[in-house]
Each structure stands twice: as C-alpha cells, then as structure tokens.
Amino acid sequence: MVTAYVLLTVKTGKEYDVVDEIKKRVPMDKIKDISIVYGMFDIVVAVDAHSLGDLERIVLEIRKIPYVSSTTTLVSAKA
C-alpha cells in the first residue's frame, strides 16, 4: 500500500468544482481524505494506492481535470 498526499493548485473560485470532479473520477476507496485548504495550495487529497503505478494513474487522472493548474505529490514514508 502506498499513501500519498496530492497537493493541488487550482483556478481561484473553482475549488469546489475540482473536489466534485475528483470524487467522480477517482474511486472513493482510493481517497482517504480530501480538503480545501488555504495557503500555497488549494486542495489536499490523501490517497491510498495499491502501488506506485496505481498512484501514478490517480495523479494523472487528477491532472486532467479542468482548472487544475499544478500538482505536487508527497509519498509518505512509514514513521
């Protein structure tokens, strides 16, 4: 299992639209949490993927969503 945090920058005012679209495109069993946040990033998506390849497919699908300007993916290490 691979846990990652996908940090999104989106067009101002489109945060809720992007969250709704992520929920449509990414299977809900892969999303641990999704939050609109304030600061350098606009949305944080906590993802549980089966593998790095699975994570790549999820991130690429998120990047296709209109109004997503950029993503940064943080892969979690066991603490």
# chains A, B, ... in the order shown; residues from 1 in each chain; ligands from 1
>>> select_by_dssp(residues="stretch 21-63 of chain A", states="helix (DSSP H, G or I)", output="JSON, numbers by chain")
{"A": [21, 22, 23, 24, 25, 52, 53, 54, 55, 56, 57, 58, 59, 60, 61, 62, 63]}
>>> residues_around(residues="A:Gly39", least_positions_apart="5", cutoff="12 Å", atoms="only C-alpha atoms", output="number ranges by chain")
A: 7-10, 44
>>> select_by_dssp(residues="chain A", states="strand (DSSP E or B)", output="number ranges by chain")
A: 2-10, 31-36, 43-49, 68-75
>>> residues_around(residues="A:Ser76", least_positions_apart="4", cutoff="9 Å", atoms="only C-alpha atoms", output="list in words")
Val2, Thr3, Ala4 and Tyr5 of chain A
>>> closest_residue(among="A:Asp29, A:Ile22, A:Tyr67, A:Val6", to="A:His50", atoms="only C-alpha atoms")
A:Asp29
>>> closest_residue(among="A:Lys14, A:Ser70, A:Ile43, A:Ile58", to="A:Lys30", atoms="only C-alpha atoms")
A:Ile58
>>> closest_residue(among="A:Asp42, A:Ile62, A:Gly13, A:Leu52", to="A:Pro27", atoms="only C-alpha atoms")
A:Ile62
>>> residues_around(residues="A:Leu60", least_positions_apart="3", cutoff="12 Å", atoms="only C-alpha atoms", output="list in words")
Val6, Ile22, Arg25, Val26, Gly53, Asp54, Leu55, Glu56, Arg57, Arg63, Lys64, Ile65, Val68, Ser70, Thr71, Thr72 and Thr73 of chain A
>>> residues_around(residues="A:Met28", least_positions_apart="5", cutoff="12 Å", atoms="only C-alpha atoms", output="short mmCIF file (atom, residue, chain, number, x, y, z; two decimals) with N, CA, C and O atoms, in the first residue's frame")
data_model
loop_
_atom_site.label_atom_id
_atom_site.label_comp_id
_atom_site.auth_asym_id
_atom_site.auth_seq_id
_atom_site.Cartn_x
_atom_site.Cartn_y
_atom_site.Cartn_z
N ASP A 20 -15.49 18.12 -6.50
CA ASP A 20 -16.59 17.30 -7.03
C ASP A 20 -16.11 16.41 -8.17
O ASP A 20 -16.49 15.23 -8.25
N GLU A 21 -15.28 16.96 -9.03
CA GLU A 21 -14.78 16.19 -10.18
C GLU A 21 -13.83 15.08 -9.73
O GLU A 21 -13.85 13.98 -10.29
N ILE A 22 -12.99 15.34 -8.73
CA ILE A 22 -12.11 14.30 -8.20
C ILE A 22 -12.95 13.15 -7.67
O ILE A 22 -12.66 11.97 -7.92
N LYS A 23 -14.01 13.46 -6.94
CA LYS A 23 -14.88 12.42 -6.38
C LYS A 23 -15.55 11.59 -7.47
O LYS A 23 -15.86 10.42 -7.25
N ASP A 33 -8.90 11.14 2.28
CA ASP A 33 -9.44 12.44 2.70
C ASP A 33 -9.22 13.42 1.56
O ASP A 33 -8.27 13.29 0.80
N ILE A 34 -10.11 14.39 1.48
CA ILE A 34 -9.95 15.46 0.51
C ILE A 34 -10.40 16.75 1.19
O ILE A 34 -11.48 16.79 1.77
N VAL A 45 -5.38 16.08 -1.28
CA VAL A 45 -6.05 14.79 -1.42
C VAL A 45 -5.12 13.73 -0.82
O VAL A 45 -3.99 13.56 -1.28
N ALA A 46 -5.59 13.04 0.22
CA ALA A 46 -4.84 11.92 0.80
C ALA A 46 -5.29 10.66 0.05
O ALA A 46 -6.48 10.36 -0.02
N VAL A 47 -4.32 9.94 -0.51
CA VAL A 47 -4.60 8.80 -1.38
C VAL A 47 -3.97 7.55 -0.80
O VAL A 47 -2.83 7.58 -0.33
N ASP A 48 -4.72 6.44 -0.86
CA ASP A 48 -4.18 5.11 -0.58
C ASP A 48 -4.21 4.34 -1.90
O ASP A 48 -5.28 4.02 -2.41
N ALA A 49 -3.04 4.08 -2.45
CA ALA A 49 -2.94 3.35 -3.72
C ALA A 49 -2.32 1.99 -3.46
O ALA A 49 -1.60 1.80 -2.48
N ILE A 58 -3.78 7.60 -10.67
CA ILE A 58 -4.66 8.51 -9.93
C ILE A 58 -4.22 9.95 -10.15
O ILE A 58 -5.04 10.83 -10.45
#
>>> atom_distance(atom1="atom CA of A:Ser51", atom2="atom CA of A:Asp17")
27.7 Å
>>> atom_distance(atom1="atom CA of A:Ser69", atom2="atom CA of A:Lys11")
6.7 Å
>>> closest_residue(among="A:Ile36, A:Glu61, A:Leu74, A:Met1", to="A:Lys24", atoms="only C-alpha atoms")
A:Glu61
